[in-house]
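Colleague: Contents of coords-v3.tsv (TSV, C-alpha atoms and all ligand atoms):
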chain	number	residue	atom	x	y	z
A	1	MET	CA	12.48	-13.24	5.42
A	2	ILE	CA	10.77	-11.64	2.43
A	3	THR	CA	13.05	-10.21	-0.26
A	4	MET	CA	12.47	-8.86	-3.80
A	5	LYS	CA	12.57	-12.38	-5.30
A	6	ASP	CA	9.34	-13.15	-3.38
A	7	ILE	CA	7.51	-10.23	-4.99
A	8	ILE	CA	5.71	-11.05	-8.24
A	9	ARG	CA	5.86	-8.50	-11.06
A	10	GLU	CA	3.28	-7.21	-13.52
A	11	GLY	CA	2.24	-9.93	-15.94
A	12	HIS	CA	1.78	-12.47	-13.14
A	13	PRO	CA	-1.96	-13.37	-13.18
A	14	ILE	CA	-2.42	-13.17	-9.39
A	15	LEU	CA	-1.87	-9.38	-9.58
A	16	ARG	CA	-5.10	-9.18	-11.60
A	17	GLU	CA	-7.16	-11.50	-9.36
A	18	THR	CA	-9.57	-10.59	-6.56
A	19	ALA	CA	-8.02	-11.80	-3.32
A	20	GLN	CA	-10.01	-13.95	-0.86
A	21	PRO	CA	-11.08	-12.71	2.59
A	22	VAL	CA	-9.16	-14.30	5.48
A	23	ALA	CA	-11.09	-16.42	8.00
A	24	PHE	CA	-11.29	-15.73	11.74
A	25	PRO	CA	-9.88	-16.58	14.14
A	26	LEU	CA	-6.71	-15.75	12.22
A	27	SER	CA	-4.44	-18.72	11.57
A	28	GLU	CA	-0.86	-18.69	12.85
A	29	GLU	CA	0.12	-18.68	9.18
A	30	ASP	CA	-1.82	-15.45	8.46
A	31	ILE	CA	-0.48	-13.76	11.59
A	32	THR	CA	3.10	-14.73	10.73
A	33	LEU	CA	2.61	-13.57	7.13
A	34	GLY	CA	1.49	-10.13	8.34
A	35	GLN	CA	4.51	-9.84	10.60
A	36	LYS	CA	6.85	-10.83	7.75
A	37	MET	CA	5.24	-8.24	5.47
A	38	LEU	CA	5.84	-5.51	8.05
A	39	GLU	CA	9.41	-6.74	8.54
A	40	PHE	CA	9.96	-6.45	4.79
A	41	LEU	CA	8.79	-2.82	4.83
A	42	GLU	CA	11.03	-2.06	7.81
A	43	ASN	CA	14.03	-3.62	6.06
A	44	SER	CA	13.19	-1.81	2.83
A	45	GLN	CA	13.27	1.53	4.66
A	46	ASP	CA	16.55	0.80	6.48
A	47	PRO	CA	19.42	2.08	4.31
A	48	VAL	CA	21.84	-0.61	5.52
A	49	LYS	CA	19.44	-3.57	5.27
A	50	ALA	CA	17.91	-2.32	2.01
A	51	GLU	CA	21.34	-2.25	0.43
A	52	GLU	CA	22.42	-5.58	1.95
A	53	LEU	CA	19.24	-7.30	0.78
A	54	ALA	CA	18.82	-5.25	-2.44
A	55	LEU	CA	15.34	-4.13	-1.42
A	56	ARG	CA	13.33	-1.36	-3.08
A	57	GLY	CA	11.86	1.05	-0.55
A	58	GLY	CA	8.15	0.66	0.11
A	59	VAL	CA	5.57	1.90	2.60
A	60	GLY	CA	2.90	-0.62	1.68
A	61	LEU	CA	2.69	-4.28	0.60
A	62	ALA	CA	-0.28	-6.51	-0.25
A	63	ALA	CA	-0.31	-10.32	0.08
A	64	PRO	CA	-1.15	-10.84	-3.63
A	65	GLN	CA	2.25	-9.27	-4.41
A	66	LEU	CA	3.70	-12.38	-2.74
A	67	ALA	CA	1.49	-14.60	-4.93
A	68	ILE	CA	-0.79	-15.09	-1.91
A	69	PRO	CA	-4.34	-14.10	-2.98
A	70	LYS	CA	-5.49	-13.18	0.55
A	71	ARG	CA	-6.97	-9.86	1.69
A	72	ILE	CA	-4.02	-8.84	3.84
A	73	ILE	CA	-2.01	-5.61	3.57
A	74	ALA	CA	0.86	-4.19	5.59
A	75	VAL	CA	1.53	-0.45	5.86
A	76	LEU	CA	4.53	1.24	7.40
A	77	ILE	CA	4.60	4.98	6.90
A	78	PRO	CA	7.59	6.55	8.65
A	79	SER	CA	7.37	9.80	10.53
A	80	ASN	CA	9.03	12.75	8.79
A	81	ASP	CA	9.23	14.64	12.06
A	82	PRO	CA	12.53	14.01	13.94
A	83	GLU	CA	10.77	15.21	17.10
A	84	LYS	CA	8.33	12.30	16.82
A	85	PRO	CA	10.20	9.24	15.43
A	86	GLU	CA	7.13	6.97	15.76
A	87	PRO	CA	5.77	5.78	12.38
A	88	VAL	CA	2.63	7.58	11.20
A	89	VAL	CA	1.10	4.19	10.36
A	90	ARG	CA	2.46	0.75	11.35
A	91	GLU	CA	-0.27	-1.82	10.85
A	92	VAL	CA	-1.26	-5.13	9.28
A	93	LEU	CA	-4.85	-4.90	8.01
A	94	TYR	CA	-6.92	-8.08	7.49
A	95	ASN	CA	-9.96	-7.80	5.18
A	96	PRO	CA	-9.62	-4.02	4.85
A	97	LYS	CA	-12.65	-2.24	3.41
A	98	ILE	CA	-12.94	1.41	2.46
A	99	VAL	CA	-16.29	2.29	4.05
A	100	SER	CA	-16.34	6.01	3.21
A	101	HIS	CA	-14.29	8.60	1.38
A	102	SER	CA	-14.12	12.33	0.77
A	103	VAL	CA	-15.35	13.99	-2.39
A	104	GLN	CA	-12.11	15.91	-2.40
A	105	GLU	CA	-9.33	14.13	-4.26
A	106	ALA	CA	-5.54	14.05	-4.02
A	107	CYS	CA	-2.53	12.61	-5.82
A	108	LEU	CA	1.21	12.30	-5.30
A	109	GLY	CA	2.99	15.06	-7.23
A	110	ASP	CA	5.74	12.59	-8.16
A	111	GLY	CA	3.32	9.88	-9.26
A	112	GLU	CA	3.13	6.41	-7.72
A	113	GLY	CA	5.60	3.57	-7.68
A	114	CYS	CA	4.89	-0.12	-7.00
A	115	LEU	CA	7.18	-2.95	-5.92
A	116	SER	CA	5.54	-5.13	-8.57
A	117	VAL	CA	6.21	-2.63	-11.38
A	118	ASP	CA	9.83	-2.42	-12.54
A	119	ARG	CA	9.34	0.70	-14.61
A	120	ASP	CA	8.42	4.33	-14.16
A	121	VAL	CA	4.83	5.02	-15.15
A	122	PRO	CA	4.46	8.80	-15.18
A	123	GLY	CA	1.17	10.46	-14.37
A	124	TYR	CA	-1.13	11.53	-11.58
A	125	VAL	CA	-3.07	8.78	-9.76
A	126	ILE	CA	-6.07	10.75	-8.51
A	127	ARG	CA	-7.75	9.25	-5.44
A	128	PRO	CA	-10.03	10.44	-2.61
A	129	ALA	CA	-7.93	12.55	-0.22
A	130	ARG	CA	-9.55	11.13	2.93
A	131	ILE	CA	-10.88	7.64	3.58
A	132	THR	CA	-12.24	5.54	6.43
A	133	VAL	CA	-11.09	1.91	6.46
A	134	ALA	CA	-12.76	-0.89	8.42
A	135	TYR	CA	-10.50	-3.89	9.05
A	136	THR	CA	-9.46	-6.53	11.56
A	137	ASN	CA	-6.03	-6.24	13.18
A	138	ALA	CA	-3.60	-9.03	14.09
A	139	ALA	CA	-5.23	-9.30	17.54
A	140	GLY	CA	-8.56	-10.08	15.85
A	141	GLU	CA	-10.09	-6.74	16.86
A	142	SER	CA	-12.42	-4.92	14.47
A	143	LYS	CA	-11.01	-1.46	13.79
A	144	LYS	CA	-12.07	1.64	11.90
A	145	MET	CA	-9.33	4.09	11.00
A	146	ARG	CA	-9.39	7.36	9.07
A	147	PHE	CA	-6.53	8.22	6.74
A	148	LYS	CA	-5.80	11.39	4.84
A	149	ASN	CA	-3.39	12.66	2.17
A	150	TYR	CA	-0.26	10.51	1.78
A	151	SER	CA	-1.51	7.77	4.14
A	152	ALA	CA	-4.87	7.65	2.34
A	153	ILE	CA	-3.09	7.31	-1.03
A	154	VAL	CA	-0.95	4.44	0.27
A	155	LEU	CA	-3.93	2.56	1.79
A	156	GLN	CA	-5.90	2.88	-1.46
A	157	HIS	CA	-2.93	1.69	-3.54
A	158	GLU	CA	-2.65	-1.42	-1.36
A	159	VAL	CA	-6.41	-2.12	-1.19
A	160	ASP	CA	-6.41	-1.86	-5.02
A	161	HIS	CA	-3.96	-4.79	-5.08
A	162	LEU	CA	-6.59	-6.93	-3.29
A	163	ASN	CA	-8.97	-6.20	-6.18
A	164	GLY	CA	-6.51	-6.78	-9.03
A	165	ILE	CA	-6.10	-3.06	-9.72
A	166	MET	CA	-2.69	-1.52	-10.55
A	167	PHE	CA	-2.01	2.18	-9.88
A	168	TYR	CA	-1.59	2.97	-13.58
A	169	ASP	CA	-5.16	1.78	-14.26
A	170	HIS	CA	-6.17	5.16	-12.78
A	171	ILE	CA	-3.86	7.31	-14.93
A	172	ASN	CA	-5.58	9.38	-17.64
A	173	THR	CA	-4.29	7.89	-20.89
A	174	ASP	CA	-5.04	11.04	-22.93
A	175	ASN	CA	-3.21	13.33	-20.52
A	176	PRO	CA	-1.47	11.56	-17.62
A	177	PHE	CA	-0.97	14.88	-15.83
A	178	ALA	CA	-4.51	16.20	-16.31
A	179	LEU	CA	-5.84	17.58	-13.06
A	180	ARG	CA	-9.49	17.93	-12.17
A	181	PRO	CA	-10.42	21.03	-10.16
A	182	ASP	CA	-9.56	21.01	-6.42
A	183	VAL	CA	-7.30	17.94	-6.61
A	184	LEU	CA	-4.71	18.25	-3.83
A	185	VAL	CA	-1.24	17.56	-5.25
A	186	ILE	CA	0.86	16.06	-2.45
A	187	GLU	CA	4.62	16.81	-2.73
A	201	LIG	C1	6.96	7.19	-10.09
A	201	LIG	N1	7.32	8.09	-9.03
A	201	LIG	C2	7.60	7.59	-7.82
A	201	LIG	O1	7.48	6.43	-7.51
A	201	LIG	C3	7.98	8.58	-6.81
A	201	LIG	C4	9.10	9.38	-7.02
A	201	LIG	C5	9.47	10.30	-6.05
A	201	LIG	C6	8.72	10.46	-4.88
A	201	LIG	C7	7.57	9.67	-4.68
A	201	LIG	C8	6.74	9.90	-3.44
A	201	LIG	C9	7.20	8.73	-5.65
A	201	LIG	N2	6.09	7.90	-5.47
A	201	LIG	C10	6.07	6.92	-4.52
A	201	LIG	N3	7.11	6.83	-3.65
A	201	LIG	C11	7.00	5.89	-2.69
A	201	LIG	N4	8.00	5.78	-1.76
A	201	LIG	C12	9.02	6.78	-1.69
A	201	LIG	C13	10.33	6.19	-1.22
A	201	LIG	N5	10.13	5.42	0.01
A	201	LIG	C14	11.32	5.05	0.71
A	201	LIG	C15	12.47	4.68	-0.01
A	201	LIG	C16	13.62	4.32	0.68
A	201	LIG	C17	13.64	4.33	2.08
A	201	LIG	C18	12.51	4.71	2.79
A	201	LIG	C19	11.35	5.06	2.10
A	201	LIG	CL1	9.95	5.54	3.01
A	201	LIG	C20	9.15	4.37	-0.10
A	201	LIG	C21	7.84	4.91	-0.61
A	201	LIG	N6	5.96	5.04	-2.58
A	201	LIG	C22	4.96	5.19	-3.48
A	201	LIG	N7	3.89	4.41	-3.36
A	201	LIG	C23	2.65	4.65	-4.11
A	201	LIG	S1	1.37	4.30	-2.93
A	201	LIG	C24	2.32	2.94	-2.26
A	201	LIG	C25	3.75	3.50	-2.23
A	201	LIG	C26	4.81	2.40	-2.23
A	201	LIG	O2	5.16	1.90	-1.18
A	201	LIG	N8	5.32	2.05	-3.43
A	201	LIG	C27	6.32	1.05	-3.47
A	201	LIG	N9	4.98	6.11	-4.47
A	202	NI	NI	1.89	-1.67	-5.43
Would you encode the structure as structure tokens?
Ligand SMILES: CNC(=O)c1cccc(C)c1Nc1nc(N2CCN(c3ccccc3Cl)CC2)nc(N2CSC[C@H]2C(=O)NC)n1
Ligand code: NI

Modeller:
Amino acid sequence: MITMKDIIREGHPILRETAQPVAFPLSEEDITLGQKMLEFLENSQDPVKAEELALRGGVGLAAPQLAIPKRIIAVLIPSNDPEKPEPVVREVLYNPKIVSHSVQEACLGDGEGCLSVDRDVPGYVIRPARITVAYTNAAGESKKMRFKNYSAIVLQHEVDHLNGIMFYDHINTDNPFALRPDVLVIE
């Protein structure tokens, strides 16, 4: 199974490369990889397993973070509503593409963290608040899904990894906490 030792850290060249699209039909290898990426996120969010395996919590993971320059991301966003325990997003996305986005922007009030960045980089990462992503799922079906707020931030962070972009590339160097008008700050 995937653990932190499999995740490359900033400085590794693959994190700055553009990942290659995956071919269809999906290979067993690419399907298995997606499943293992989701399993990692599940383990990372399980207090017992995360401690056992020394995993940092994450809600998204991109194949380049495993030194695999393929356009594959896994997203597991847990529900925060005890009434509805189902995850908000539980998906492996092959060749994801942001096909449209809102003018309105948003950012996480606490800034962004990344499993490939072993340091705190303070500052707002301002991104479109709503996006539409076209992708192929593990069953080989073409999908189009809309995301907003926290989910949209996570998807964009992971798609950035496929294009060699790190979250702190978006932080305003003059004033990391500068806010443009109408940016939604997500707490
Ligand atoms: C510097 N300040 C901060 O990091 C930061 C600080 C405070 C709050 C937030 C909200 C911050 N920001 C931030 N927190 C997260 N998590 C919160 C903890 N959680 C988690 C942890 C353990 C079990 C289950 C879970 Cl659910 C996992 C997810 N995740 C991301 N990102 C950026 S988009 C991709 C996503 C990612 O998965 N990163 C590894 N950012
Ligand atoms: Ni990351």

Colleague: Any idea what's packed within 9 Å of range 5-14 of chain A, counting all atoms listed in the file, ignoring anything in its chain fewer than 3 positions away? Could you give it as a PyMOL selection string?

Modeller: chain A and resi 2+17-19+64-69+115-118+164+166

Colleague: Residues within 10 Å of Arg90 in chain A, please, as an mmCIF file with C-alpha atoms, in the coordinates of the input. Count all atoms listed in the file; anything in the same chain fewer than 6 positions from it doesn't count.

Modeller:
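The resulting part07.cif:
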data_model
loop_
_atom_site.group_PDB
_atom_site.id
_atom_site.type_symbol
_atom_site.label_atom_id
_atom_site.label_comp_id
_atom_site.auth_asym_id
_atom_site.auth_seq_id
_atom_site.Cartn_x
_atom_site.Cartn_y
_atom_site.Cartn_z
ATOM 1 C CA LEU A 38 5.840 -5.510 8.050
ATOM 2 C CA LEU A 41 8.790 -2.820 4.830
ATOM 3 C CA GLU A 42 11.030 -2.060 7.810
ATOM 4 C CA VAL A 59 5.570 1.900 2.600
ATOM 5 C CA GLY A 60 2.900 -0.620 1.680
ATOM 6 C CA ALA A 74 0.860 -4.190 5.590
ATOM 7 C CA VAL A 75 1.530 -0.450 5.860
ATOM 8 C CA LEU A 76 4.530 1.240 7.400
ATOM 9 C CA ILE A 77 4.600 4.980 6.900
ATOM 10 C CA PRO A 78 7.590 6.550 8.650
#

Colleague: Write as an NGL selection string the residues around ligand LIG 201 (chain A), taking 8 Å as the cut-off and counting all atoms listed in the file.

Modeller: :A and (44-47 or 50 or 56-61 or 77-78 or 108-115 or 120-123 or 150 or 153-158 or 167 or 187)

Colleague: Counting all atoms listed in the file, what is within 10 Å of Phe24 in chain A, bar same-chain residues fewer than 2 positions away, as a ChimeraX atom specification?

Modeller: /A:21-22,26-27,94,136,140

Colleague: List every protein, DNA or RNA residue that has at least one atom no more than 10 Å from (-1.5, 7.4, -15.4) in the file's coordinates, counting only C-alpha atoms, and write the result as a PyMOL selection string.

Modeller: chain A and resi 111-112+121-126+167-178

Colleague: What are the centre and edge lengths in Å, to one decimal, of the axis-aligned box around all listed atoms of range 128-136 of chain A with 3 Å added on each side, as lines of an AutoDock Vina configuration file?

Modeller:
center_x = -10.3
center_y = 3.0
center_z = 4.5
size_x = 10.8
size_y = 25.1
size_z = 20.2

Colleague: For ligand NI 202 (chain A), which residue among A:Pro181, A:Ile186, A:Asp160, A:Ala139 is the nearest when counting all atoms listed in the file?

Modeller: A:Asp160

Colleague: Using only C-alpha atoms, can you tell me which of A:Thr132, A:Ser100, A:Gln20, A:Ser142 comes closest to His161 in chain A?

Modeller: A:Gln20

Colleague: For a test of reading the model, state the distance in Å between CA of Leu55 in chain A and CA of Met4 in chain A, rounded to one decimal.

Modeller: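 Computed distance, CA of Leu55 in chain A to CA of Met4 in chain A, equals 6.0 Å.
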
Colleague: Would you compute the distance between CA of Leu179 in chain A and CA of Val99 in chain A? Give it in Å to one decimal.

Modeller: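 For CA of Leu179 in chain A relative to CA of Val99 in chain A, the distance reads 25.2 Å.
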